[in-house]
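Peer 1: Questions regarding the structure given below will be posed in turn.
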Amino acid sequence: MPIPEGVSGGFPDPVQSVVPLRIERDEPWSPPDHRRAKRGRRAKRGRRRRRSPFAAVPRTLKLLFALAVCTGILVLADRCAAMYAEKKAQQALQEQLHLAAAPQVGIHGFPFLTQVLDKHLERVDVTVPHVAADRVSLAKVHASARDIRLTGNLPSDIRGAVVGNLEGEVLLSFDDMNRELAASQVKFSRRDDSTIGADGKLTIAGQELRVRAQAQLRLVDNRELSTDVDGMSLDIPGIATYRPGRGRGLTLHRETAERISRDTARVKAMLSVPAVVDRLGVPQEAVAEALEDDEKLHRMTGTPRFVEQLTHVNLVDVVVDHPWLLSKIGIDPKLINGLIHMRPPELSDRLSFSVSLPKEVRELQLRGVQVGKDGIRVSLSGLELAVGRSGS
């Protein structure tokens, strides 16, 4: 078979059969960027994996989270309702009891709204500061009410409530008593669990005297706290002590008795009054001889026993019958006359006080009295106490 022209040995000529390659010269050649290819693959994978952050959270946890959010909203709403009710209760109590300051009301128990719908509250605490009571103010009244039954058409019209059980405490602080009873001149303090003491100054007949007294606390018909002031004494500085009331008396201080015993003129003036001699217990014959002989007089009056006896002599009746004796022993007659003619109530009334429960709360009763360091605490209680308007 003839071989075509241009073919050698049956195979095409390699030189002539090569197809010329067309090389584009528009852009310069550069090596491939493998890093860019990797970033592209990663970006594609990232786009494929980007999903909601909660997509991997189990459905149960999602439900629990939603339930917690709803519960929080309900709790917040319940507490807001309780705070609103507390505010309304404060206003009602302030108006009903004619209080100068709004009380603090705390409603306990959860949930509050279900208690209201059930017309029954577990517990309500009330604290009232500074309640006016006769001559003194009550520093604080605290009460805890339990088993409270609401009355009225709920929730729009709450007419009142009936408190099943109430326990409370009243505080009369010594600071308030000092300020209101004695204008800061007398300080009250604790003597024992049922007795308070008073120590301070009173001005009588233009002279400042030191006053001491004690007041016994007692409950009257479980409705009133009252005081019985006794043991009162008024000291004339450096001279004598006057005790008003039953068994009243005027006795000399020891320094005064010693000064009189050393002064011949003064001691003779004292011994010239038979009533003084009788109270001294000295024989009349010995006194008569001493008044005639100064040496015997000094031997009689210069002993500690005589001075001690002189401090126990009650001069209250003696000076009434012998007013000139006051000047002789160095006492201002105007002061003693002012003390003697002052009736005991005029002194004790300055230190006495009483506290009564309001007429609006007849179901309450005072249970006990305890004197502490800061003041007088009185416990109170009540059952089936009606508050607000009557009716169901």
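Chain labels A, B, ... are given in the sequence in which chains occur in the structure tokens; within each chain residues are numbered consecutively from 1, and ligands are likewise numbered from 1 in the order shown.
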Please, which residues of segment 85-243 of chain A, numbered as in this document, come out strand (DSSP E) from DSSP, as a PyMOL selection string?

Peer 2: chain A and resi 104-108+120-133+136-153+157-173+186-192+195-204+207-220+224-236+240-243

Peer 1: Using only C-alpha atoms, which residues sit within 8 Å of Asp294 of chain A once same-chain residues fewer than 4 positions away are excluded, as a PDB file with C-alpha atoms, in the first residue's frame?

Peer 2:
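Ended up saving to result_26.pdb:
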```pdb
ATOM      1  CA  THR A 264     -22.656  77.398 170.550  1.00  0.00           C
ATOM      2  CA  ALA A 290     -25.729  72.169 179.363  1.00  0.00           C
ATOM      3  CA  HIS A 298     -19.583  71.073 174.306  1.00  0.00           C
TER       4      HIS A 298
END
```

Peer 1: Compile the contact shell of Arg212 of chain A as a PyMOL selection string: residues with an atom at most 9 Å away, counting only C-alpha atoms, same-chain residues fewer than 4 positions apart removed.

Peer 2: chain A and resi 186+197-201+231-235

Peer 1: Output all heavy atoms for every residue in the selection just made, as a short mmCIF file (atom, residue, chain, number, x, y, z; two decimals), in the first residue's frame.

Peer 2:
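Okay, this is what ended up in selection-v1.cif:
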```
data_model
loop_
_atom_site.label_atom_id
_atom_site.label_comp_id
_atom_site.auth_asym_id
_atom_site.auth_seq_id
_atom_site.Cartn_x
_atom_site.Cartn_y
_atom_site.Cartn_z
N VAL A 186 -34.95 66.21 134.56
CA VAL A 186 -34.99 64.96 135.31
C VAL A 186 -34.73 63.81 134.35
O VAL A 186 -35.29 63.76 133.25
CB VAL A 186 -36.35 64.78 136.02
CG1 VAL A 186 -36.41 63.44 136.72
CG2 VAL A 186 -36.58 65.92 137.02
N GLY A 197 -36.60 54.89 138.13
CA GLY A 197 -36.12 55.94 139.02
C GLY A 197 -36.01 57.26 138.29
O GLY A 197 -35.83 57.32 137.07
N ALA A 198 -36.14 58.34 139.04
CA ALA A 198 -36.00 59.69 138.50
C ALA A 198 -34.96 60.44 139.30
O ALA A 198 -34.97 60.40 140.54
CB ALA A 198 -37.34 60.44 138.55
N ASP A 199 -34.06 61.09 138.62
CA ASP A 199 -32.98 61.82 139.29
C ASP A 199 -32.70 63.07 138.47
O ASP A 199 -32.42 62.99 137.27
CB ASP A 199 -31.72 60.96 139.37
CG ASP A 199 -30.68 61.53 140.32
OD1 ASP A 199 -30.76 62.75 140.61
OD2 ASP A 199 -29.81 60.78 140.77
N GLY A 200 -32.80 64.23 139.14
CA GLY A 200 -32.57 65.48 138.40
C GLY A 200 -32.72 66.69 139.28
O GLY A 200 -32.40 66.66 140.48
N LYS A 201 -33.20 67.76 138.68
CA LYS A 201 -33.31 69.03 139.38
C LYS A 201 -34.68 69.65 139.19
O LYS A 201 -35.28 69.54 138.12
CB LYS A 201 -32.24 70.01 138.87
CG LYS A 201 -30.81 69.54 139.10
CD LYS A 201 -29.81 70.51 138.52
CE LYS A 201 -28.37 70.03 138.75
NZ LYS A 201 -27.38 70.95 138.17
N GLY A 231 -41.20 57.48 147.38
CA GLY A 231 -39.78 57.57 147.67
C GLY A 231 -39.15 58.85 147.18
O GLY A 231 -37.94 58.90 146.89
N MET A 232 -39.95 59.94 147.08
CA MET A 232 -39.42 61.20 146.58
C MET A 232 -38.66 61.94 147.67
O MET A 232 -39.08 61.96 148.83
CB MET A 232 -40.54 62.08 146.02
CG MET A 232 -40.07 63.43 145.49
SD MET A 232 -41.42 64.42 144.80
CE MET A 232 -41.74 63.48 143.32
N SER A 233 -37.56 62.54 147.29
CA SER A 233 -36.81 63.38 148.20
C SER A 233 -36.25 64.57 147.44
O SER A 233 -35.89 64.45 146.27
CB SER A 233 -35.67 62.60 148.85
OG SER A 233 -34.71 62.21 147.89
N LEU A 234 -36.21 65.73 148.14
CA LEU A 234 -35.63 66.94 147.57
C LEU A 234 -34.52 67.41 148.48
O LEU A 234 -34.74 67.69 149.66
CB LEU A 234 -36.70 68.03 147.41
CG LEU A 234 -37.82 67.69 146.43
CD1 LEU A 234 -39.13 67.54 147.18
CD2 LEU A 234 -37.93 68.75 145.36
N ASP A 235 -33.32 67.48 147.90
CA ASP A 235 -32.15 67.86 148.68
C ASP A 235 -31.87 69.35 148.52
O ASP A 235 -31.75 69.85 147.39
CB ASP A 235 -30.92 67.07 148.22
CG ASP A 235 -30.97 65.63 148.70
OD1 ASP A 235 -31.76 65.35 149.61
OD2 ASP A 235 -30.24 64.80 148.14
#
```

Peer 1: Can you tell me, as a list in words, what residues are no more than 7 Å from segment 316-328 of chain A when counting only C-alpha atoms, ignoring any on the same chain fewer than 3 positions away?

Peer 2: Gly249, Leu250, Arg266, Ala269, Ala275, Ile331, Asp332 and Pro333 of chain A

Peer 1: For the selection you just gave me, I'd like the residues written to a file as a PDB file, in the first residue's frame, keeping C-alpha atoms.

Peer 2:
```pdb
ATOM      1  CA  GLY A 249     -40.013  64.940 156.950  1.00  0.00           C
ATOM      2  CA  LEU A 250     -37.196  67.482 156.977  1.00  0.00           C
ATOM      3  CA  ARG A 266     -26.936  77.534 167.030  1.00  0.00           C
ATOM      4  CA  ALA A 269     -31.176  77.620 169.758  1.00  0.00           C
ATOM      5  CA  ALA A 275     -39.780  69.264 170.698  1.00  0.00           C
ATOM      6  CA  ILE A 331     -31.936  77.552 156.300  1.00  0.00           C
ATOM      7  CA  ASP A 332     -33.901  80.000 154.124  1.00  0.00           C
ATOM      8  CA  PRO A 333     -37.418  80.146 155.671  1.00  0.00           C
TER       9      PRO A 333
END
```

Peer 1: Could you give me, as JSON, numbers by chain, the residues within 6 Å of segment 113-126 of chain A, counting only C-alpha atoms and dropping anything in the same chain fewer than 3 positions from it?

Peer 2: {"A": [104, 105, 106, 107, 108, 142, 143, 144, 145, 146, 147, 148, 149, 150]}

Peer 1: Take the residues from that selection and put them in a file with N, CA, C and O atoms, as a short mmCIF file (atom, residue, chain, number, x, y, z; two decimals), in the first residue's frame.

Peer 2:
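So selection_37.cif came out as:
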```cif
data_model
loop_
_atom_site.label_atom_id
_atom_site.label_comp_id
_atom_site.auth_asym_id
_atom_site.auth_seq_id
_atom_site.Cartn_x
_atom_site.Cartn_y
_atom_site.Cartn_z
N GLN A 104 -45.63 51.36 109.27
CA GLN A 104 -44.99 50.42 108.35
C GLN A 104 -45.78 49.11 108.37
O GLN A 104 -46.00 48.54 109.43
N VAL A 105 -46.16 48.65 107.20
CA VAL A 105 -46.97 47.43 107.08
C VAL A 105 -46.21 46.43 106.22
O VAL A 105 -45.72 46.77 105.13
N GLY A 106 -46.08 45.21 106.71
CA GLY A 106 -45.44 44.14 105.96
C GLY A 106 -46.34 42.93 105.86
O GLY A 106 -46.74 42.36 106.88
N ILE A 107 -46.71 42.54 104.62
CA ILE A 107 -47.59 41.40 104.39
C ILE A 107 -46.72 40.19 104.07
O ILE A 107 -45.92 40.23 103.13
N HIS A 108 -46.88 39.13 104.83
CA HIS A 108 -46.08 37.91 104.65
C HIS A 108 -46.91 36.85 103.93
O HIS A 108 -48.13 36.96 103.79
N HIS A 142 -45.32 47.90 117.94
CA HIS A 142 -45.15 46.83 116.94
C HIS A 142 -46.17 45.73 117.22
O HIS A 142 -46.35 45.31 118.36
N ALA A 143 -46.84 45.28 116.17
CA ALA A 143 -47.85 44.23 116.31
C ALA A 143 -47.72 43.26 115.14
O ALA A 143 -47.41 43.65 114.01
N SER A 144 -47.96 41.99 115.45
CA SER A 144 -47.94 40.94 114.45
C SER A 144 -49.31 40.25 114.46
O SER A 144 -49.69 39.66 115.47
N ALA A 145 -50.03 40.40 113.36
CA ALA A 145 -51.38 39.84 113.24
C ALA A 145 -51.34 38.56 112.41
O ALA A 145 -50.67 38.50 111.37
N ARG A 146 -52.04 37.54 112.87
CA ARG A 146 -52.11 36.26 112.17
C ARG A 146 -53.57 35.85 111.97
O ARG A 146 -54.45 36.30 112.70
N ASP A 147 -53.76 34.98 110.99
CA ASP A 147 -55.09 34.46 110.68
C ASP A 147 -56.05 35.62 110.42
O ASP A 147 -57.02 35.85 111.14
N ILE A 148 -55.79 36.36 109.35
CA ILE A 148 -56.56 37.56 109.02
C ILE A 148 -57.59 37.22 107.95
O ILE A 148 -57.23 36.77 106.84
N ARG A 149 -58.84 37.43 108.26
CA ARG A 149 -59.93 37.14 107.33
C ARG A 149 -60.44 38.46 106.74
O ARG A 149 -60.91 39.33 107.47
N LEU A 150 -60.35 38.57 105.43
CA LEU A 150 -60.78 39.78 104.74
C LEU A 150 -62.29 39.76 104.52
O LEU A 150 -62.88 38.70 104.29
#
```

Peer 1: Could you pull out the residues in segment 127-281 of chain A that DSSP calls helix (DSSP H, G or I) from the backbone, as an mmCIF file with all heavy atoms, in the first residue's frame?

Peer 2:
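Final file, result10.cif:
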```
data_model
loop_
_atom_site.group_PDB
_atom_site.id
_atom_site.type_symbol
_atom_site.label_atom_id
_atom_site.label_comp_id
_atom_site.auth_asym_id
_atom_site.auth_seq_id
_atom_site.Cartn_x
_atom_site.Cartn_y
_atom_site.Cartn_z
ATOM 1 N N PHE A 174 -36.923 56.029 127.524
ATOM 2 C CA PHE A 174 -36.525 56.984 128.556
ATOM 3 C C PHE A 174 -36.171 58.337 127.944
ATOM 4 O O PHE A 174 -36.376 59.385 128.581
ATOM 5 C CB PHE A 174 -35.334 56.439 129.345
ATOM 6 C CG PHE A 174 -35.694 55.323 130.285
ATOM 7 C CD1 PHE A 174 -34.867 54.229 130.442
ATOM 8 C CD2 PHE A 174 -36.870 55.357 131.014
ATOM 9 C CE1 PHE A 174 -35.194 53.199 131.304
ATOM 10 C CE2 PHE A 174 -37.221 54.333 131.879
ATOM 11 C CZ PHE A 174 -36.370 53.247 132.029
ATOM 12 N N ASP A 175 -35.663 58.344 126.725
ATOM 13 C CA ASP A 175 -35.315 59.611 126.073
ATOM 14 C C ASP A 175 -36.549 60.480 125.888
ATOM 15 O O ASP A 175 -36.522 61.692 126.137
ATOM 16 C CB ASP A 175 -34.647 59.349 124.719
ATOM 17 C CG ASP A 175 -33.259 58.754 124.858
ATOM 18 O OD1 ASP A 175 -32.657 58.911 125.949
ATOM 19 O OD2 ASP A 175 -32.774 58.124 123.903
ATOM 20 N N ASP A 176 -37.661 59.864 125.433
ATOM 21 C CA ASP A 176 -38.902 60.625 125.264
ATOM 22 C C ASP A 176 -39.452 61.081 126.613
ATOM 23 O O ASP A 176 -39.955 62.203 126.744
ATOM 24 C CB ASP A 176 -39.946 59.782 124.539
ATOM 25 C CG ASP A 176 -39.600 59.565 123.075
ATOM 26 O OD1 ASP A 176 -38.786 60.352 122.544
ATOM 27 O OD2 ASP A 176 -40.104 58.603 122.474
ATOM 28 N N MET A 177 -39.376 60.235 127.624
ATOM 29 C CA MET A 177 -39.873 60.601 128.950
ATOM 30 C C MET A 177 -39.055 61.750 129.531
ATOM 31 O O MET A 177 -39.612 62.674 130.140
ATOM 32 C CB MET A 177 -39.821 59.387 129.873
ATOM 33 C CG MET A 177 -40.784 58.280 129.486
ATOM 34 S SD MET A 177 -40.520 56.753 130.425
ATOM 35 C CE MET A 177 -40.780 57.336 132.098
ATOM 36 N N ASN A 178 -37.746 61.701 129.345
ATOM 37 C CA ASN A 178 -36.906 62.790 129.846
ATOM 38 C C ASN A 178 -37.272 64.112 129.189
ATOM 39 O O ASN A 178 -37.306 65.162 129.846
ATOM 40 C CB ASN A 178 -35.431 62.483 129.571
ATOM 41 C CG ASN A 178 -34.931 61.286 130.350
ATOM 42 O OD1 ASN A 178 -35.515 60.905 131.362
ATOM 43 N ND2 ASN A 178 -33.869 60.664 129.872
ATOM 44 N N ARG A 179 -37.547 64.065 127.889
ATOM 45 C CA ARG A 179 -37.843 65.292 127.154
ATOM 46 C C ARG A 179 -39.251 65.808 127.433
ATOM 47 O O ARG A 179 -39.454 67.018 127.589
ATOM 48 C CB ARG A 179 -37.673 65.038 125.656
ATOM 49 C CG ARG A 179 -37.920 66.272 124.794
ATOM 50 C CD ARG A 179 -37.733 65.969 123.318
ATOM 51 N NE ARG A 179 -38.677 64.968 122.845
ATOM 52 C CZ ARG A 179 -38.363 63.717 122.580
ATOM 53 N NH1 ARG A 179 -37.138 63.292 122.766
ATOM 54 N NH2 ARG A 179 -39.278 62.855 122.147
ATOM 55 N N GLU A 180 -40.221 64.927 127.516
ATOM 56 C CA GLU A 180 -41.609 65.351 127.574
ATOM 57 C C GLU A 180 -42.136 65.540 128.999
ATOM 58 O O GLU A 180 -43.031 66.346 129.223
ATOM 59 C CB GLU A 180 -42.478 64.339 126.832
ATOM 60 C CG GLU A 180 -42.128 64.244 125.350
ATOM 61 C CD GLU A 180 -42.875 63.123 124.645
ATOM 62 O OE1 GLU A 180 -43.681 62.459 125.316
ATOM 63 O OE2 GLU A 180 -42.640 62.917 123.446
ATOM 64 N N LEU A 181 -41.604 64.788 129.951
ATOM 65 C CA LEU A 181 -42.098 64.895 131.321
ATOM 66 C C LEU A 181 -41.365 65.953 132.131
ATOM 67 O O LEU A 181 -41.972 66.651 132.937
ATOM 68 C CB LEU A 181 -41.983 63.551 132.040
ATOM 69 C CG LEU A 181 -43.007 62.475 131.668
ATOM 70 C CD1 LEU A 181 -42.747 61.223 132.469
ATOM 71 C CD2 LEU A 181 -44.421 62.974 131.910
ATOM 72 N N ALA A 182 -40.071 66.043 131.961
ATOM 73 C CA ALA A 182 -39.289 66.885 132.864
ATOM 74 C C ALA A 182 -38.449 67.926 132.160
ATOM 75 O O ALA A 182 -37.607 68.558 132.789
ATOM 76 C CB ALA A 182 -38.376 66.002 133.724
ATOM 77 N N ARG A 254 -25.518 65.621 157.340
ATOM 78 C CA ARG A 254 -24.506 65.417 158.388
ATOM 79 C C ARG A 254 -23.595 66.626 158.530
ATOM 80 O O ARG A 254 -23.258 67.028 159.637
ATOM 81 C CB ARG A 254 -23.678 64.163 158.085
ATOM 82 C CG ARG A 254 -22.743 63.799 159.228
ATOM 83 C CD ARG A 254 -22.045 62.483 159.018
ATOM 84 N NE ARG A 254 -21.300 62.095 160.202
ATOM 85 C CZ ARG A 254 -21.805 61.462 161.239
ATOM 86 N NH1 ARG A 254 -23.089 61.125 161.231
ATOM 87 N NH2 ARG A 254 -21.067 61.162 162.288
ATOM 88 N N GLU A 255 -23.187 67.206 157.412
ATOM 89 C CA GLU A 255 -22.301 68.375 157.508
ATOM 90 C C GLU A 255 -22.982 69.544 158.207
ATOM 91 O O GLU A 255 -22.346 70.321 158.930
ATOM 92 C CB GLU A 255 -21.800 68.798 156.125
ATOM 93 C CG GLU A 255 -22.883 69.070 155.094
ATOM 94 C CD GLU A 255 -23.213 67.872 154.248
ATOM 95 O OE1 GLU A 255 -23.187 66.746 154.767
ATOM 96 O OE2 GLU A 255 -23.491 68.062 153.051
ATOM 97 N N THR A 256 -24.311 69.665 158.002
ATOM 98 C CA THR A 256 -25.052 70.725 158.690
ATOM 99 C C THR A 256 -25.121 70.442 160.192
ATOM 100 O O THR A 256 -24.946 71.355 161.021
ATOM 101 C CB THR A 256 -26.470 70.847 158.124
ATOM 102 O OG1 THR A 256 -26.400 71.021 156.703
ATOM 103 C CG2 THR A 256 -27.211 72.014 158.732
ATOM 104 N N ALA A 257 -25.398 69.169 160.536
ATOM 105 C CA ALA A 257 -25.453 68.809 161.961
ATOM 106 C C ALA A 257 -24.096 69.023 162.639
ATOM 107 O O ALA A 257 -24.036 69.509 163.784
ATOM 108 C CB ALA A 257 -25.894 67.344 162.101
ATOM 109 N N GLU A 258 -23.015 68.701 161.980
ATOM 110 C CA GLU A 258 -21.683 68.926 162.566
ATOM 111 C C GLU A 258 -21.410 70.409 162.736
ATOM 112 O O GLU A 258 -20.819 70.843 163.741
ATOM 113 C CB GLU A 258 -20.613 68.289 161.670
ATOM 114 C CG GLU A 258 -20.650 66.762 161.672
ATOM 115 C CD GLU A 258 -19.648 66.182 160.698
ATOM 116 O OE1 GLU A 258 -19.092 66.960 159.867
ATOM 117 O OE2 GLU A 258 -19.403 64.950 160.749
ATOM 118 N N ARG A 259 -21.826 71.211 161.785
ATOM 119 C CA ARG A 259 -21.608 72.661 161.873
ATOM 120 C C ARG A 259 -22.409 73.262 163.035
ATOM 121 O O ARG A 259 -21.918 74.122 163.778
ATOM 122 C CB ARG A 259 -21.994 73.310 160.547
ATOM 123 C CG ARG A 259 -21.636 74.769 160.442
ATOM 124 C CD ARG A 259 -21.705 75.274 159.010
ATOM 125 N NE ARG A 259 -23.007 75.036 158.399
ATOM 126 C CZ ARG A 259 -23.222 74.174 157.416
ATOM 127 N NH1 ARG A 259 -22.226 73.419 156.970
ATOM 128 N NH2 ARG A 259 -24.432 74.036 156.896
ATOM 129 N N ILE A 260 -23.632 72.790 163.226
ATOM 130 C CA ILE A 260 -24.453 73.285 164.339
ATOM 131 C C ILE A 260 -23.856 72.860 165.681
ATOM 132 O O ILE A 260 -23.817 73.647 166.638
ATOM 133 C CB ILE A 260 -25.898 72.777 164.191
ATOM 134 C CG1 ILE A 260 -26.569 73.437 162.971
ATOM 135 C CG2 ILE A 260 -26.706 73.042 165.453
ATOM 136 C CD1 ILE A 260 -27.946 72.889 162.662
ATOM 137 N N SER A 261 -23.380 71.617 165.764
ATOM 138 C CA SER A 261 -22.832 71.118 167.033
ATOM 139 C C SER A 261 -21.584 71.894 167.473
ATOM 140 O O SER A 261 -21.289 71.965 168.677
ATOM 141 C CB SER A 261 -22.493 69.629 166.917
ATOM 142 O OG SER A 261 -21.415 69.431 166.018
ATOM 143 N N ARG A 262 -20.890 72.495 166.531
ATOM 144 C CA ARG A 262 -19.692 73.261 166.868
ATOM 145 C C ARG A 262 -19.987 74.732 167.139
ATOM 146 O O ARG A 262 -19.126 75.468 167.605
ATOM 147 C CB ARG A 262 -18.662 73.150 165.738
ATOM 148 C CG ARG A 262 -18.092 71.741 165.539
ATOM 149 C CD ARG A 262 -16.898 71.758 164.617
ATOM 150 N NE ARG A 262 -17.251 72.258 163.287
ATOM 151 C CZ ARG A 262 -17.574 71.463 162.257
ATOM 152 N NH1 ARG A 262 -17.596 70.139 162.422
ATOM 153 N NH2 ARG A 262 -17.876 71.974 161.083
ATOM 154 N N THR A 264 -21.948 77.325 169.260
ATOM 155 C CA THR A 264 -22.656 77.398 170.550
ATOM 156 C C THR A 264 -24.011 78.058 170.406
ATOM 157 O O THR A 264 -25.025 77.579 170.958
ATOM 158 C CB THR A 264 -21.805 78.156 171.575
ATOM 159 O OG1 THR A 264 -20.542 77.493 171.714
ATOM 160 C CG2 THR A 264 -22.501 78.208 172.930
ATOM 161 N N ALA A 265 -24.087 79.153 169.678
ATOM 162 C CA ALA A 265 -25.345 79.891 169.549
ATOM 163 C C ALA A 265 -26.394 79.037 168.828
ATOM 164 O O ALA A 265 -27.567 79.000 169.237
ATOM 165 C CB ALA A 265 -25.108 81.193 168.807
ATOM 166 N N ARG A 266 -25.975 78.337 167.793
ATOM 167 C CA ARG A 266 -26.936 77.534 167.030
ATOM 168 C C ARG A 266 -27.410 76.314 167.816
ATOM 169 O O ARG A 266 -28.602 75.987 167.811
ATOM 170 C CB ARG A 266 -26.312 77.081 165.707
ATOM 171 C CG ARG A 266 -26.114 78.200 164.702
ATOM 172 C CD ARG A 266 -25.578 77.667 163.389
ATOM 173 N NE ARG A 266 -25.444 78.720 162.399
ATOM 174 C CZ ARG A 266 -25.044 78.527 161.152
ATOM 175 N NH1 ARG A 266 -24.735 77.296 160.754
ATOM 176 N NH2 ARG A 266 -24.946 79.531 160.314
ATOM 177 N N VAL A 267 -26.486 75.666 168.504
ATOM 178 C CA VAL A 267 -26.894 74.481 169.244
ATOM 179 C C VAL A 267 -27.785 74.847 170.423
ATOM 180 O O VAL A 267 -28.714 74.097 170.771
ATOM 181 C CB VAL A 267 -25.665 73.675 169.698
ATOM 182 C CG1 VAL A 267 -24.966 74.333 170.881
ATOM 183 C CG2 VAL A 267 -26.069 72.233 170.054
ATOM 184 N N LYS A 268 -27.540 76.003 171.042
ATOM 185 C CA LYS A 268 -28.423 76.451 172.122
ATOM 186 C C LYS A 268 -29.817 76.756 171.583
ATOM 187 O O LYS A 268 -30.823 76.476 172.251
ATOM 188 C CB LYS A 268 -27.837 77.673 172.810
ATOM 189 C CG LYS A 268 -26.686 77.362 173.766
ATOM 190 C CD LYS A 268 -26.249 78.608 174.512
ATOM 191 C CE LYS A 268 -25.170 78.270 175.551
ATOM 192 N NZ LYS A 268 -24.733 79.459 176.321
ATOM 193 N N ALA A 269 -29.874 77.333 170.354
ATOM 194 C CA ALA A 269 -31.176 77.620 169.758
ATOM 195 C C ALA A 269 -31.939 76.319 169.504
ATOM 196 O O ALA A 269 -33.157 76.234 169.726
ATOM 197 C CB ALA A 269 -30.995 78.397 168.466
ATOM 198 N N MET A 270 -31.244 75.288 169.058
ATOM 199 C CA MET A 270 -31.890 73.994 168.822
ATOM 200 C C MET A 270 -32.384 73.377 170.126
ATOM 201 O O MET A 270 -33.531 72.905 170.211
ATOM 202 C CB MET A 270 -30.903 73.035 168.150
ATOM 203 C CG MET A 270 -30.524 73.399 166.717
ATOM 204 S SD MET A 270 -31.781 72.953 165.508
ATOM 205 C CE MET A 270 -31.754 71.170 165.626
ATOM 206 N N LEU A 271 -31.522 73.376 171.164
ATOM 207 C CA LEU A 271 -31.878 72.712 172.422
ATOM 208 C C LEU A 271 -32.885 73.512 173.242
ATOM 209 O O LEU A 271 -33.457 72.967 174.191
ATOM 210 C CB LEU A 271 -30.611 72.476 173.248
ATOM 211 C CG LEU A 271 -29.601 71.500 172.624
ATOM 212 C CD1 LEU A 271 -28.349 71.399 173.507
ATOM 213 C CD2 LEU A 271 -30.221 70.121 172.406
ATOM 214 N N PRO A 274 -38.291 72.437 173.137
ATOM 215 C CA PRO A 274 -38.569 71.145 173.790
ATOM 216 C C PRO A 274 -38.837 70.017 172.801
ATOM 217 O O PRO A 274 -38.452 68.860 173.048
ATOM 218 C CB PRO A 274 -39.802 71.449 174.643
ATOM 219 C CG PRO A 274 -39.726 72.917 174.915
ATOM 220 C CD PRO A 274 -39.159 73.519 173.680
ATOM 221 N N ALA A 275 -39.473 70.317 171.676
ATOM 222 C CA ALA A 275 -39.780 69.264 170.698
ATOM 223 C C ALA A 275 -38.499 68.661 170.121
ATOM 224 O O ALA A 275 -38.421 67.452 169.881
ATOM 225 C CB ALA A 275 -40.642 69.841 169.578
ATOM 226 N N VAL A 276 -37.475 69.490 169.940
ATOM 227 C CA VAL A 276 -36.195 68.987 169.428
ATOM 228 C C VAL A 276 -35.526 68.112 170.481
ATOM 229 O O VAL A 276 -34.986 67.044 170.180
ATOM 230 C CB VAL A 276 -35.281 70.165 169.033
ATOM 231 C CG1 VAL A 276 -33.900 69.654 168.629
ATOM 232 C CG2 VAL A 276 -35.907 70.966 167.904
ATOM 233 N N VAL A 277 -35.583 68.550 171.734
ATOM 234 C CA VAL A 277 -34.959 67.780 172.816
ATOM 235 C C VAL A 277 -35.636 66.414 172.944
ATOM 236 O O VAL A 277 -34.966 65.388 173.121
ATOM 237 C CB VAL A 277 -35.035 68.563 174.137
ATOM 238 C CG1 VAL A 277 -34.497 67.724 175.285
ATOM 239 C CG2 VAL A 277 -34.260 69.877 174.023
ATOM 240 N N ASP A 278 -36.972 66.398 172.841
ATOM 241 C CA ASP A 278 -37.684 65.123 172.949
ATOM 242 C C ASP A 278 -37.283 64.169 171.824
ATOM 243 O O ASP A 278 -37.109 62.960 172.053
ATOM 244 C CB ASP A 278 -39.193 65.365 172.904
ATOM 245 C CG ASP A 278 -39.695 66.075 174.160
ATOM 246 O OD1 ASP A 278 -38.978 66.048 175.180
ATOM 247 O OD2 ASP A 278 -40.796 66.673 174.109
ATOM 248 N N ARG A 279 -37.111 64.693 170.624
ATOM 249 C CA ARG A 279 -36.769 63.838 169.498
ATOM 250 C C ARG A 279 -35.310 63.405 169.533
ATOM 251 O O ARG A 279 -34.954 62.384 168.945
ATOM 252 C CB ARG A 279 -37.085 64.568 168.189
ATOM 253 C CG ARG A 279 -38.589 64.809 168.042
ATOM 254 C CD ARG A 279 -38.946 65.640 166.834
ATOM 255 N NE ARG A 279 -40.374 65.943 166.842
ATOM 256 C CZ ARG A 279 -41.010 66.622 165.890
ATOM 257 N NH1 ARG A 279 -40.325 67.067 164.844
ATOM 258 N NH2 ARG A 279 -42.296 66.871 165.985
ATOM 259 N N LEU A 280 -34.490 64.176 170.226
ATOM 260 C CA LEU A 280 -33.097 63.767 170.381
ATOM 261 C C LEU A 280 -32.943 62.645 171.405
ATOM 262 O O LEU A 280 -31.961 61.893 171.374
ATOM 263 C CB LEU A 280 -32.234 64.962 170.812
ATOM 264 C CG LEU A 280 -31.855 65.963 169.708
ATOM 265 C CD1 LEU A 280 -31.184 67.183 170.334
ATOM 266 C CD2 LEU A 280 -30.931 65.311 168.691
#
```

Peer 1: With only C-alpha atoms as the atoms that count, which of A:Lys187, A:His98, A:Pro111, A:Ser356 lies nearest to Val128 of chain A?

Peer 2: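 Answer, going by the shortest atom-to-atom distance: A:His98.
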
Peer 1: Could you check how far atom CA of Thr311 of chain A sits from atom CA of Arg190 of chain A, in Å to one decimal?

Peer 2: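 Value for the atom CA of Thr311 of chain A-atom CA of Arg190 of chain A distance: 29.3 Å.
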
Peer 1: Which neighbours of Ala101 of chain A fall inside 12 Å, counting only C-alpha atoms, when residues of the same chain fewer than 2 positions from it are skipped, and could you give them as a ChimeraX atom specification?

Peer 2: /A:90-91,93-95,97-99,103-104,127-132,139-140

Peer 1: Go ahead and compute the interatomic distance for atom CA of Pro237 of chain A and atom CA of His253 of chain A, in Å to one decimal.

Peer 2: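 Pair atom CA of Pro237 of chain A / atom CA of His253 of chain A returns 8.9 Å.
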
Peer 1: Please, what distance in Å, to one decimal, runs between atom CA of Val170 of chain A and atom CA of Ile376 of chain A?

Peer 2: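 Going from atom CA of Val170 of chain A over to atom CA of Ile376 of chain A, I get 8.0 Å.
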